[in-house]
$ cat structure32.csv   # CSV, C-alpha atoms
chain,number,residue,atom,x,y,z
A,1,MET,CA,100.5,61.5,87.4
A,2,SER,CA,103.4,59.6,88.8
A,3,ASN,CA,105.5,60.8,91.8
A,4,GLU,CA,108.4,61.3,89.4
A,5,GLU,CA,106.4,63.5,87.1
A,6,GLN,CA,105.2,65.5,90.1
A,7,GLU,CA,108.8,65.9,91.4
A,8,GLY,CA,109.9,67.1,87.9
A,9,ILE,CA,107.1,69.7,87.8
A,10,LYS,CA,108.0,70.8,91.4
A,11,GLN,CA,111.7,71.0,90.4
A,12,ARG,CA,111.1,73.4,87.5
A,13,ALA,CA,108.5,75.5,89.2
A,14,TYR,CA,110.4,75.8,92.5
A,15,ALA,CA,113.6,76.8,90.6
A,16,GLU,CA,111.7,79.4,88.7
A,17,SER,CA,109.9,80.8,91.7
A,18,MET,CA,113.2,81.0,93.7
A,19,ARG,CA,114.8,82.7,90.7
A,20,TYR,CA,112.1,85.4,91.0
A,21,MET,CA,112.7,85.7,94.7
A,22,ASN,CA,116.4,86.0,94.3
A,23,ASN,CA,115.9,88.7,91.7
A,24,ALA,CA,113.5,90.5,94.1
A,25,LYS,CA,116.0,90.3,96.9
A,26,ALA,CA,118.7,91.7,94.7
A,27,THR,CA,116.5,94.5,93.6
A,28,LEU,CA,115.5,95.3,97.2
A,29,GLN,CA,119.2,95.7,98.1
A,30,LYS,CA,119.4,98.5,95.6
A,31,ALA,CA,116.7,100.3,97.6
A,32,ARG,CA,119.2,101.0,100.4
A,33,LYS,CA,117.9,100.6,103.9
A,34,GLU,CA,118.1,103.6,106.2
A,35,ASP,CA,117.0,103.0,109.7
A,36,ASN,CA,114.0,100.8,109.2
A,37,TYR,CA,112.9,102.2,105.9
A,38,TYR,CA,114.0,101.7,102.3
A,39,ALA,CA,115.2,104.9,100.7
A,40,ASP,CA,114.1,104.2,97.1
A,41,LYS,CA,110.5,103.5,96.5
A,42,LYS,CA,111.0,102.5,92.9
A,43,TYR,CA,113.2,99.5,93.8
A,44,VAL,CA,110.8,98.5,96.6
A,45,ARG,CA,107.9,98.5,94.2
A,46,THR,CA,109.8,96.5,91.6
A,47,ALA,CA,111.1,94.0,94.2
A,48,CYS,CA,107.6,93.4,95.6
A,49,GLY,CA,106.1,92.9,92.1
A,50,THR,CA,108.8,90.4,91.2
A,51,ALA,CA,108.3,88.5,94.5
A,52,TYR,CA,104.6,88.4,94.0
A,53,SER,CA,105.0,87.0,90.5
A,54,GLY,CA,107.2,84.2,91.9
A,55,VAL,CA,104.4,83.4,94.4
A,56,LEU,CA,101.8,83.2,91.6
A,57,LEU,CA,104.0,80.7,89.7
A,58,ALA,CA,104.3,78.6,92.8
A,59,LEU,CA,100.5,78.8,93.5
A,60,ASP,CA,99.7,77.8,89.9
A,61,THR,CA,101.9,74.7,90.4
A,62,TYR,CA,100.5,73.9,93.8
A,63,LEU,CA,96.9,74.1,92.6
A,64,GLU,CA,97.6,72.1,89.4
A,65,LEU,CA,99.3,69.3,91.5
A,66,LYS,CA,96.2,69.3,93.8
A,67,GLY,CA,94.0,68.7,90.7
A,68,VAL,CA,92.5,72.2,90.4
A,69,GLU,CA,91.4,72.9,86.9
A,70,MET,CA,93.1,76.0,85.8
A,71,PRO,CA,91.2,78.5,83.7
A,72,LYS,CA,92.3,78.9,80.1
A,73,LYS,CA,93.1,82.6,80.4
A,74,LYS,CA,96.6,83.3,81.8
A,75,ARG,CA,95.6,86.1,84.2
A,76,ARG,CA,93.8,84.8,87.2
A,77,SER,CA,92.1,86.9,89.9
A,78,ILE,CA,93.1,86.9,93.5
A,79,LYS,CA,89.6,85.5,94.1
A,80,PHE,CA,90.5,82.4,92.1
A,81,TYR,CA,93.5,81.8,94.2
A,82,THR,CA,91.9,82.5,97.6
A,83,SER,CA,88.8,80.4,96.9
A,84,HIS,CA,90.8,77.3,95.8
A,85,VAL,CA,93.5,77.7,98.5
A,86,ALA,CA,90.9,78.1,101.2
A,87,GLN,CA,89.5,74.7,100.3
A,88,LEU,CA,92.9,73.1,100.5
A,89,ASP,CA,94.9,74.7,103.2
A,90,GLY,CA,93.9,77.3,105.8
A,91,LYS,CA,97.5,78.2,106.8
A,92,LEU,CA,98.4,78.7,103.2
A,93,LEU,CA,95.4,81.0,102.7
A,94,ASN,CA,96.7,83.2,105.6
A,95,GLU,CA,100.1,83.4,103.9
A,96,LEU,CA,98.5,84.2,100.6
A,97,ASN,CA,96.4,87.0,102.1
A,98,THR,CA,99.6,88.4,103.7
A,99,VAL,CA,101.5,88.2,100.4
A,100,TYR,CA,98.6,89.8,98.5
A,101,GLU,CA,98.2,92.7,101.0
A,102,ILE,CA,101.9,93.4,101.7
A,103,LEU,CA,103.7,92.6,98.5
A,104,HIS,CA,101.0,93.3,95.9
A,105,LEU,CA,98.9,96.1,97.3
A,106,ASP,CA,101.2,97.8,99.9
A,107,GLY,CA,104.5,97.1,98.3
A,108,TYR,CA,103.9,97.1,94.5
A,109,TYR,CA,101.0,99.6,94.2
A,110,ASP,CA,101.5,101.9,97.2
A,111,GLY,CA,105.3,101.6,97.5
A,112,ILE,CA,105.4,101.1,101.3
A,113,GLN,CA,109.0,101.5,102.4
A,114,LYS,CA,109.0,100.1,106.0
A,115,ALA,CA,111.5,97.3,106.0
A,116,ASP,CA,109.9,95.1,108.6
A,117,VAL,CA,106.6,95.1,106.7
A,118,ILE,CA,108.3,94.2,103.4
A,119,LYS,CA,110.3,91.4,105.2
A,120,SER,CA,107.1,89.9,106.5
A,121,GLY,CA,105.7,89.8,103.0
A,122,PHE,CA,108.9,88.1,101.7
A,123,ASP,CA,108.7,85.6,104.6
A,124,SER,CA,105.1,84.7,103.7
A,125,ALA,CA,106.1,84.4,100.0
A,126,ASN,CA,108.8,81.9,100.9
A,127,GLU,CA,106.3,79.9,102.9
A,128,ILE,CA,104.1,79.6,99.9
A,129,ILE,CA,106.9,78.7,97.5
A,130,ASN,CA,108.1,76.1,100.0
A,131,LYS,CA,104.8,74.3,99.5
A,132,ILE,CA,106.1,73.1,96.1
A,133,LYS,CA,109.6,72.5,97.3
A,134,PRO,CA,110.8,69.2,95.7
A,135,ILE,CA,112.5,66.4,97.7
A,136,HIS,CA,115.8,67.1,96.0
A,137,VAL,CA,116.4,70.8,95.4
A,138,LEU,CA,118.8,71.6,92.5
A,139,GLU,CA,121.3,74.4,93.3
A,140,LEU,CA,120.5,77.7,91.7
A,141,PRO,CA,123.2,80.0,90.5
A,142,SER,CA,123.4,83.2,92.6
A,143,VAL,CA,122.1,86.4,91.2
A,144,SER,CA,125.6,87.8,91.0
A,145,ILE,CA,126.7,84.8,88.9
A,146,LEU,CA,123.7,85.3,86.6
A,147,ASN,CA,124.5,89.0,86.3
A,148,LYS,CA,128.1,88.2,85.4
A,149,MET,CA,126.9,85.6,82.8
A,150,PHE,CA,124.5,88.2,81.4
A,151,THR,CA,127.3,90.8,80.9
A,152,LEU,CA,129.5,88.2,79.2
A,153,PHE,CA,126.9,87.4,76.6
A,154,PHE,CA,125.3,90.8,76.1
$ encode --input "structure32.csv" --output "C-alpha cells"
Amino acid sequence: MSNEEQEGIKQRAYAESMRYMNNAKATLQKARKEDNYYADKKYVRTACGTAYSGVLLALDTYLELKGVEMPKKKRRSIKFYTSHVAQLDGKLLNELNTVYEILHLDGYYDGIQKADVIKSGFDSANEIINKIKPIHVLELPSVSILNKMFTLFF
C-alpha cells in the first residue's frame, strides 16, 4: 500500500473518530458538571460509549495499517485489541487499558460521574486516535454546525 493510500485511509478514519469524539464531548456537556461530578448519569454513559466507539474505529485503522489481519466478524473482543496492540506499542497498550477501564467499563456500564476520571479517559482516547492522525488534517465542522444542518434538513 502506498503512502498516499495510507494517508487517505488515515484521513477518513481520523475524521470519523474525531466526529465521534466531538459528539461525545457535546453529549457530556449536557450532563452538567456540578463541583467535580456530572449531574446526569445518562449523558455520561452515552458520551463514554460514543467516545469508546471512536477509539475502536481508530484502533481498527491502526491495526490494519500495521498489517494485522482483521477477523471477518465485525465485533472484536478487547483481548483481540490488547494482544495485537501489546505486540506493536506498549504506550498505546497503556492508553487502551485506560480507555477500556474508564470509558467502557466505568463510564458506559457503571455510569461513574467523577469529572476528573472521565477527563482522563477522554485524554487517553485522544492519544489513541492521534496514532492515526494524518499529515494534513481536514477541518471538521463543529458539532453545533452539524446540528444546525441536521435541523435544516429534518
$ closest_atom_pairs --input "structure32.csv" --of "range 75-131 of chain A" --to "range 14-37 of chain A" --cutoff "6 Å" --atoms "all atoms listed in the file" --output "Markdown table"
| residue | atom | partner | partner_atom | distance |
| --- | --- | --- | --- | --- |
| A:Gln113 | CA | A:Tyr37 | CA | 5.3 |
| A:Lys114 | CA | A:Tyr37 | CA | 4.4 |
| A:Ala115 | CA | A:Tyr37 | CA | 5.1 |
$ atom_distance --input "structure32.csv" --atom1 "CA of Gln11 in chain A" --atom2 "CA of Lys73 in chain A"
24.1 Å
$ atom_distance --input "structure32.csv" --atom1 "CA of Gly49 in chain A" --atom2 "CA of Ile135 in chain A"
27.8 Å
$ atom_distance --input "structure32.csv" --atom1 "CA of Ile102 in chain A" --atom2 "CA of Arg12 in chain A"
26.2 Å
$ residues_around --input "structure32.csv" --residues "Asp60 in chain A" --least-positions-apart "2" --cutoff "12 Å" --atoms "only C-alpha atoms" --output "PyMOL selection string"
chain A and resi 9-10+13-14+17+53-58+62-71+74-78+80-82+84-85+128-129+131-132
$ write_last_selection --input "structure32.csv" --atoms "C-alpha atoms" --output "compact mmCIF listing (two decimals), keeping the file's coordinate frame"
# COMPACT_ATOMS: atom_id res chain seq x y z
CA ILE A 9 107.10 69.70 87.80
CA LYS A 10 108.00 70.80 91.40
CA ALA A 13 108.50 75.50 89.20
CA TYR A 14 110.40 75.80 92.50
CA SER A 17 109.90 80.80 91.70
CA SER A 53 105.00 87.00 90.50
CA GLY A 54 107.20 84.20 91.90
CA VAL A 55 104.40 83.40 94.40
CA LEU A 56 101.80 83.20 91.60
CA LEU A 57 104.00 80.70 89.70
CA ALA A 58 104.30 78.60 92.80
CA TYR A 62 100.50 73.90 93.80
CA LEU A 63 96.90 74.10 92.60
CA GLU A 64 97.60 72.10 89.40
CA LEU A 65 99.30 69.30 91.50
CA LYS A 66 96.20 69.30 93.80
CA GLY A 67 94.00 68.70 90.70
CA VAL A 68 92.50 72.20 90.40
CA GLU A 69 91.40 72.90 86.90
CA MET A 70 93.10 76.00 85.80
CA PRO A 71 91.20 78.50 83.70
CA LYS A 74 96.60 83.30 81.80
CA ARG A 75 95.60 86.10 84.20
CA ARG A 76 93.80 84.80 87.20
CA SER A 77 92.10 86.90 89.90
CA ILE A 78 93.10 86.90 93.50
CA PHE A 80 90.50 82.40 92.10
CA TYR A 81 93.50 81.80 94.20
CA THR A 82 91.90 82.50 97.60
CA HIS A 84 90.80 77.30 95.80
CA VAL A 85 93.50 77.70 98.50
CA ILE A 128 104.10 79.60 99.90
CA ILE A 129 106.90 78.70 97.50
CA LYS A 131 104.80 74.30 99.50
CA ILE A 132 106.10 73.10 96.10
$ closest_residue --input "structure32.csv" --among "A:Leu96, A:Ile112, A:His136, A:Thr61" --to "Ala39 in chain A" --atoms "all atoms listed in the file"
A:Ile112
$ closest_residue --input "structure32.csv" --among "A:Cys48, A:Ser83, A:Lys72, A:Leu88" --to "Ala125 in chain A" --atoms "all atoms listed in the file"
A:Cys48
$ closest_residue --input "structure32.csv" --among "A:Gly111, A:Gln87, A:Asp106, A:Val99" --to "Asp123 in chain A" --atoms "only C-alpha atoms"
A:Val99
$ closest_residue --input "structure32.csv" --among "A:Lys42, A:Lys91, A:Lys79, A:Lys133" --to "Tyr109 in chain A" --atoms "all atoms listed in the file"
A:Lys42
$ closest_residue --input "structure32.csv" --among "A:Arg45, A:Tyr38, A:Met1, A:Asn94" --to "Asp116 in chain A" --atoms "all atoms listed in the file"
A:Tyr38
